[in-house]
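Asker: To be precise about what I am sending: the file is called input-v5.cif and holds mmCIF, C-alpha atoms.
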data_data
#
loop_
_atom_site.label_atom_id
_atom_site.label_comp_id
_atom_site.auth_asym_id
_atom_site.auth_seq_id
_atom_site.Cartn_x
_atom_site.Cartn_y
_atom_site.Cartn_z
CA MET W 1 -2.95 -30.15 24.90
CA ILE W 2 -3.43 -27.09 22.72
CA LYS W 3 -0.63 -24.53 22.57
CA THR W 4 -1.55 -20.97 23.54
CA THR W 5 -1.05 -18.54 20.66
CA THR W 6 0.97 -15.40 21.41
CA PRO W 7 -0.20 -11.97 20.10
CA ASN W 8 2.52 -11.95 17.43
CA GLU W 9 1.59 -15.47 16.33
CA VAL W 10 -1.95 -14.22 15.74
CA ILE W 11 -0.54 -11.71 13.25
CA LEU W 12 1.60 -14.38 11.56
CA ASN W 13 -1.48 -16.58 11.20
CA VAL W 14 -3.71 -13.81 9.90
CA TYR W 15 -1.06 -13.06 7.25
CA ASN W 16 -0.51 -16.75 6.45
CA GLU W 17 3.16 -16.64 7.33
CA THR W 18 3.16 -19.84 9.35
CA SER W 19 3.33 -23.54 8.59
CA GLU W 20 0.20 -25.53 7.79
CA LYS W 21 0.57 -27.33 11.11
CA SER W 22 0.64 -24.06 12.99
CA GLN W 23 -2.39 -22.80 11.07
CA ARG W 24 -4.35 -25.93 11.96
CA SER W 25 -3.45 -25.54 15.63
CA PHE W 26 -4.45 -21.85 15.51
CA HIS W 27 -7.76 -22.74 13.89
CA THR W 28 -8.50 -25.28 16.63
CA GLU W 29 -7.63 -22.77 19.33
CA CYS W 30 -9.98 -20.21 17.75
CA ILE W 31 -12.84 -22.70 17.93
CA LEU W 32 -12.26 -23.12 21.64
CA ASN W 33 -11.47 -19.50 22.45
CA ALA W 34 -14.15 -16.97 21.49
CA LEU W 35 -11.98 -13.96 22.32
CA LEU W 36 -9.15 -15.18 20.13
CA SER W 37 -11.59 -15.93 17.34
CA GLU W 38 -13.07 -12.44 17.59
CA GLU W 39 -9.62 -10.85 17.52
CA ARG W 40 -8.66 -12.88 14.45
CA ASP W 41 -11.87 -11.84 12.66
CA GLU W 42 -11.28 -8.16 13.43
CA PHE W 43 -7.70 -8.31 12.19
CA GLU W 44 -8.81 -10.12 9.05
CA ASP W 45 -11.44 -7.45 8.33
CA ILE W 46 -8.85 -4.67 8.54
CA LYS W 47 -6.34 -6.70 6.53
CA GLN W 48 -8.94 -7.18 3.80
CA ALA W 49 -9.73 -3.45 3.75
CA LEU W 50 -6.01 -2.67 3.43
CA ASP W 51 -5.65 -5.17 0.60
CA GLN W 52 -8.50 -3.50 -1.25
CA LEU W 53 -7.06 -0.01 -0.84
CA SER W 54 -5.72 0.89 -4.23
CA PHE W 55 -5.27 4.08 -6.19
CA GLN W 56 -4.93 4.11 -9.96
CA PRO W 57 -2.81 6.70 -11.76
CA ARG W 58 -4.37 8.65 -14.61
CA GLN W 59 -3.69 7.33 -18.10
CA LYS W 60 -1.75 10.48 -19.00
CA ARG W 61 0.86 9.64 -16.33
CA ILE W 62 1.28 6.14 -17.70
CA GLU W 63 1.77 7.54 -21.19
CA ASN W 64 4.39 10.00 -19.86
CA ILE W 65 6.34 7.15 -18.27
CA LEU W 66 6.16 4.95 -21.36
CA ASN W 67 7.21 7.89 -23.55
CA TYR W 68 10.13 8.62 -21.25
CA SER W 69 11.24 5.01 -21.52
CA ALA W 70 10.94 4.99 -25.32
CA GLY W 71 12.79 8.32 -25.56
CA PHE W 72 15.48 7.03 -23.22
CA MET W 73 15.94 3.99 -25.46
CA HIS W 74 16.56 6.13 -28.49
CA SER W 75 18.74 8.79 -26.90
CA HIS W 76 21.18 6.35 -25.19
CA MET U 1 6.09 -14.15 -17.05
CA SER U 2 7.98 -13.26 -13.87
CA ASP U 3 9.16 -9.74 -13.04
CA ALA U 4 12.78 -10.91 -13.26
CA GLU U 5 12.23 -12.18 -16.82
CA LEU U 6 10.49 -8.95 -17.82
CA VAL U 7 13.30 -6.85 -16.37
CA SER U 8 15.84 -8.91 -18.28
CA GLN U 9 13.88 -8.45 -21.54
CA TYR U 10 13.52 -4.72 -20.95
CA VAL U 11 17.23 -4.26 -20.38
CA LYS U 12 17.79 -6.04 -23.70
CA GLY U 13 15.49 -3.55 -25.44
CA SER U 14 11.88 -4.75 -25.12
CA GLU U 15 9.62 -1.76 -24.45
CA GLY U 16 6.66 -4.12 -24.19
CA ALA U 17 8.25 -5.84 -21.19
CA PHE U 18 8.44 -2.52 -19.36
CA ALA U 19 4.81 -1.75 -20.19
CA VAL U 20 3.80 -5.02 -18.51
CA LEU U 21 5.87 -4.25 -15.40
CA LEU U 22 4.34 -0.79 -15.19
CA LYS U 23 0.80 -2.08 -15.58
CA ARG U 24 1.44 -4.77 -12.97
CA HIS U 25 2.84 -2.48 -10.25
CA LYS U 26 1.60 1.08 -10.90
CA SER U 27 -1.25 0.86 -8.41
CA LYS U 28 0.84 -0.50 -5.52
CA VAL U 29 3.50 2.13 -6.12
CA LEU U 30 0.97 4.98 -6.27
CA THR U 31 -0.78 3.69 -3.14
CA THR U 32 2.57 3.57 -1.31
CA ILE U 33 3.27 7.19 -2.26
CA PHE U 34 -0.25 8.44 -1.58
CA LEU U 35 -0.08 7.07 1.97
CA ILE U 36 2.80 9.46 2.64
CA VAL U 37 2.08 12.66 0.68
CA LYS U 38 -1.07 14.70 1.00
CA ASP U 39 -2.47 15.36 -2.42
CA ARG U 40 -3.24 13.22 -5.40
CA ASP U 41 -1.52 15.30 -8.09
CA HIS U 42 1.67 15.42 -6.07
CA ALA U 43 1.48 11.63 -5.56
CA GLU U 44 1.18 11.14 -9.32
CA ASP U 45 4.15 13.48 -9.93
CA LEU U 46 6.18 11.31 -7.58
CA LEU U 47 4.95 8.12 -9.26
CA GLN U 48 6.22 9.50 -12.55
CA ASP U 49 9.56 10.52 -11.03
CA THR U 50 9.89 7.11 -9.38
CA PHE U 51 9.48 5.27 -12.67
CA PHE U 52 11.79 7.71 -14.47
CA LYS U 53 14.44 6.83 -11.90
CA VAL U 54 13.66 3.11 -12.25
CA ILE U 55 14.13 3.37 -16.03
CA ARG U 56 17.47 5.15 -15.65
CA LYS U 57 18.72 2.64 -13.08
CA LEU U 58 17.61 -0.38 -15.11
CA LYS U 59 19.28 0.99 -18.22
CA ALA U 60 22.45 1.78 -16.27
CA GLY U 61 22.56 -1.80 -15.00
CA GLU U 62 22.07 -0.69 -11.39
CA TYR U 63 19.42 -3.29 -10.57
CA ASN U 64 20.90 -6.61 -9.56
CA ASN U 65 17.69 -8.67 -9.70
CA GLU U 66 18.45 -10.25 -6.31
CA GLY U 67 15.37 -8.96 -4.50
CA LYS U 68 11.81 -8.64 -5.74
CA PHE U 69 11.33 -5.94 -8.38
CA VAL U 70 8.25 -4.45 -6.70
CA GLN U 71 10.08 -4.16 -3.37
CA TRP U 72 12.90 -2.27 -5.06
CA VAL U 73 10.50 0.10 -6.85
CA CYS U 74 8.44 0.67 -3.70
CA ARG U 75 11.63 1.45 -1.75
CA ILE U 76 12.55 4.12 -4.32
CA ALA U 77 8.98 5.47 -4.20
CA ARG U 78 8.91 5.52 -0.41
CA ASN U 79 12.23 7.37 -0.17
CA MET U 80 11.13 9.96 -2.73
CA ALA U 81 7.80 10.45 -0.97
CA ILE U 82 9.43 10.82 2.46
CA ASP U 83 11.95 13.35 1.09
CA SER U 84 9.13 15.28 -0.50
CA PHE U 85 6.99 15.10 2.65
CA ARG U 86 9.87 16.51 4.72
CA LYS U 87 10.44 19.29 2.19
CA ASP U 88 6.70 20.12 2.24
CA LYS U 89 6.83 20.37 6.01
CA ARG U 90 9.51 23.05 5.66
CA TYR U 91 7.74 24.77 2.78
CA PRO U 92 4.08 23.89 3.19
CA HIS U 93 1.85 24.31 0.16
CA HIS U 94 -1.89 24.44 -0.15
CA ASP U 95 -3.35 21.00 0.42
CA ILE U 96 -5.56 19.93 -2.44
CA ASP U 97 -7.48 16.79 -1.61
CA GLU U 98 -7.69 13.97 -4.08
CA VAL U 99 -9.72 14.39 -7.23
CA PRO U 100 -12.65 11.99 -7.01
CA ARG U 101 -12.68 9.36 -9.73
CA VAL U 102 -16.28 10.28 -10.52
CA PHE U 103 -14.72 12.96 -12.70
CA ASN U 104 -12.63 10.44 -14.56
CA SER U 105 -14.71 9.35 -17.56
CA MET U 106 -12.51 6.27 -18.09
CA ASP U 107 -14.20 4.66 -15.08
CA PHE U 108 -17.80 5.14 -16.21
CA SER U 109 -17.97 2.05 -18.37
CA GLU U 110 -16.97 -0.33 -15.59
CA GLU U 111 -18.62 0.96 -12.42
CA SER U 112 -21.68 3.01 -11.58
CA MET U 113 -21.07 6.53 -10.30
CA GLU U 114 -22.59 5.62 -6.93
CA SER U 115 -20.33 2.63 -6.37
CA ILE U 116 -17.30 4.67 -7.43
CA LYS U 117 -18.28 7.39 -4.94
CA ILE U 118 -18.71 4.91 -2.08
CA LYS U 119 -15.39 3.25 -2.89
CA ASP U 120 -13.61 6.60 -3.17
CA ASP U 121 -15.02 7.75 0.18
CA THR U 122 -14.00 4.51 1.89
CA HIS U 123 -10.52 4.65 0.39
CA ALA U 124 -10.10 8.30 1.35
CA LEU U 125 -11.11 7.55 4.95
CA LEU U 126 -8.80 4.55 5.18
CA ARG U 127 -5.94 6.54 3.64
CA ARG U 128 -6.36 9.35 6.17
CA THR U 129 -6.48 6.81 8.99
CA ILE U 130 -3.26 5.13 7.81
CA GLN U 131 -1.58 8.53 7.45
CA ALA U 132 -2.45 9.27 11.08
CA LEU U 133 -0.62 6.15 12.34
CA PRO U 134 2.78 6.51 14.04
CA GLU U 135 5.46 6.40 11.33
CA VAL U 136 6.89 2.99 12.30
CA GLN U 137 3.43 1.39 12.17
CA ARG U 138 2.54 3.02 8.86
CA GLU U 139 5.84 1.83 7.43
CA VAL U 140 5.10 -1.81 8.31
CA VAL U 141 1.59 -1.56 6.84
CA MET U 142 2.98 -0.14 3.57
CA MET U 143 5.76 -2.70 3.29
CA ARG U 144 3.54 -5.69 4.06
CA HIS U 145 0.51 -4.71 1.99
CA TYR U 146 1.89 -2.75 -0.96
CA ALA U 147 5.54 -3.82 -1.34
CA ASP U 148 4.81 -7.55 -0.97
CA MET U 149 7.33 -7.98 1.86
CA SER U 150 7.19 -10.70 4.50
CA PHE U 151 7.58 -9.78 8.16
CA GLN U 152 11.08 -11.27 8.11
CA GLU U 153 12.00 -9.04 5.14
CA ILE U 154 10.45 -6.00 6.86
CA ALA U 155 12.48 -6.74 9.99
CA GLU U 156 15.69 -6.91 7.94
CA GLU U 157 14.88 -3.76 5.96
CA THR U 158 14.05 -1.71 9.05
CA GLY U 159 16.78 -3.17 11.27
CA VAL U 160 14.51 -4.55 13.99
CA SER U 161 13.64 -8.04 15.22
CA ILE U 162 10.75 -9.90 13.62
CA ASN U 163 8.87 -9.65 16.93
CA THR U 164 9.14 -5.86 16.81
CA ALA U 165 7.89 -5.81 13.20
CA LEU U 166 4.97 -8.06 14.17
CA GLY U 167 4.20 -5.94 17.24
CA ARG U 168 4.12 -2.81 15.09
CA MET U 169 1.70 -4.43 12.66
CA ARG U 170 -0.46 -5.60 15.53
CA TYR U 171 -0.70 -2.09 17.00
CA ALA U 172 -1.30 -0.65 13.53
CA LEU U 173 -4.26 -2.99 13.00
CA ILE U 174 -5.64 -2.22 16.47
CA ASN U 175 -5.27 1.53 15.91
CA LEU U 176 -6.83 1.38 12.44
CA ARG U 177 -9.77 -0.60 13.74
CA LYS U 178 -10.29 1.81 16.62
CA GLN U 179 -10.14 4.87 14.39
CA LEU U 180 -12.45 3.41 11.75
CA GLN U 181 -14.89 2.38 14.46
CA ASN U 182 -14.83 5.95 15.86
CA GLU U 183 -15.51 7.40 12.40
CA HIS U 184 -18.34 4.93 11.92
CA ASN U 185 -19.92 5.78 15.29
CA LEU U 186 -19.59 9.49 14.53
CA ALA U 187 -21.24 9.06 11.14
CA TYR U 188 -24.18 7.24 12.66
CA ASP U 189 -24.46 9.20 15.89
CA LYS U 190 -28.15 9.94 16.42
CA ASN U 191 -27.25 13.37 17.84
CA ASN U 192 -25.77 14.21 14.46
CA TYR U 193 -28.84 12.96 12.65
CA PRO U 194 -31.80 13.67 15.00
CA GLN U 195 -35.03 11.99 14.05
#
Could you take the file, read its structure, and then write that structure out as structure tokens?
Answerer:
Amino acid sequence: MIKTTTPNEVILNVYNETSEKSQRSFHTECILNALLSEERDEFEDIKQALDQLSFQPRQKRIENILNYSAGFMHSH
Amino acid sequence: MSDAELVSQYVKGSEGAFAVLLKRHKSKVLTTIFLIVKDRDHAEDLLQDTFFKVIRKLKAGEYNNEGKFVQWVCRIARNMAIDSFRKDKRYPHHDIDEVPRVFNSMDFSEESMESIKIKDDTHALLRRTIQALPEVQREVVMMRHYADMSFQEIAEETGVSINTALGRMRYALINLRKQLQNEHNLAYDKNNYPQ
């Protein structure tokens, strides 16, 4: 018999914070349960978008930080 | 080389080790800050202040290397950004939206202007949507995605059970999806673009 996944376990599976055994069981349940599978896919889409969200500082800021570090080295 | 090894080398005097740490984590730290404060220049000021503080603390031997380096830096960044956000609420200043990267000539060689524009627009929309989340949900999103924390670590850091942390993430994802879907429907509403 297949164990029913709780809402929080869906999150743990989407974020790969479960054991391999649990992931296999979740995968099987998704095959048999279209609603669960759809929910997982939606969460994974958002997770992927969040992972891709990234802002890069301007080079000048990086230089300021490195200069501060170098100056700190010499003054202390 | 691991962060812990780089920190150890930096404390012993290697500037190069710090440059690697900065390059490795600058984007996650800036993203963490920019999800709290409103404008890009202010976020970069805080990024700079965060790393100045990190340098002083490392040199003073105030980092014990027990946790992950990026978590420690992101915690400093988050606290500075929250303090600043609260101060801004008391003394609001004119909100200048982020400067699009299309004006940053450094990017031209790697990406076309069109793809940069699309990416910038998507990121700006997602950022605004995250900023609109309830604070506890936004906090979990930031900690899990940009500070490399597990749900167990988030639960410990925020003083809640792991089930509460997971529930907050679940509602955050549901809310983000709903909001992004609404924006998408609005953008493609035929009434807005009659044929």
Asker: W:Thr6, W:Glu39, W:Phe26, W:Arg61: which is nearest chain U, counting all atoms listed in the file?
Answerer: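 Nearest candidate to chain U out of W:Thr6, W:Glu39, W:Phe26, W:Arg61: W:Arg61.
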Asker: List every residue of chain U that has an atom at most 6 Å from any atom of chain W, and for each one report the closest atom pair and its distance in Å to one decimal, counting all atoms listed in the file, with rows sorted by chain and then by increasing residue number, as a tab-separated table.
Answerer:
residue	atom	partner	partner_atom	distance
U:Ser27	CA	W:Gln56	CA	5.1
U:Thr31	CA	W:Phe55	CA	5.4
U:His123	CA	W:Leu53	CA	5.9
U:Leu166	CA	W:Asn8	CA	5.6
Asker: Write out as a list in words each polymer residue whose atoms come within 8 Å of range 59-71 of chain U, counting all atoms listed in the file; drop sequence neighbours fewer than 3 positions from it.
Answerer: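 With the cut-off at 8 Å, the set is Asp3, Ala4, Val11, His25, Ile55, Arg56, Cys74, Arg75, Ala147, Asp148 and Met149 of chain U.
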Asker: Those selected residues, please, written with C-alpha atoms and delivered as a compact mmCIF listing (two decimals), keeping the file's coordinate frame.
Answerer:
# COMPACT_ATOMS: atom_id res chain seq x y z
CA ASP U 3 9.16 -9.74 -13.04
CA ALA U 4 12.78 -10.91 -13.26
CA VAL U 11 17.23 -4.26 -20.38
CA HIS U 25 2.84 -2.48 -10.25
CA ILE U 55 14.13 3.37 -16.03
CA ARG U 56 17.47 5.15 -15.65
CA CYS U 74 8.44 0.67 -3.70
CA ARG U 75 11.63 1.45 -1.75
CA ALA U 147 5.54 -3.82 -1.34
CA ASP U 148 4.81 -7.55 -0.97
CA MET U 149 7.33 -7.98 1.86
Asker: Quick check, in Å to one decimal: how far apart do CA of Glu29 in chain W and CA of Thr4 in chain W lie?
Answerer: 7.6 Å
Asker: Which of these residues is nearest to Glu135 in chain U, using only C-alpha atoms: U:Ile154, U:Ala17, U:Ala172, U:Ala81?
Answerer: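 So, comparing all the options, the nearest one is U:Ala172.
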Asker: Suppose you want the space between CA of Ser112 in chain U and CA of Arg40 in chain U; what is it in Å?
Answerer: 22.0 Å
Asker: Go ahead and find all residues with at least one atom no further than 12 Å from (5.7, 4.0, 9.8) in the file's coordinates, using only C-alpha atoms; report them as a ChimeraX atom specification.
Answerer: /U:32,35-36,78,82,130-144,154,158,165,168-169,171-172
Asker: For CA of Met1 in chain U and CA of Lys28 in chain U, determine how far apart the two atoms are, in Å to one decimal place.
Answerer: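 So the answer is 18.6 Å.
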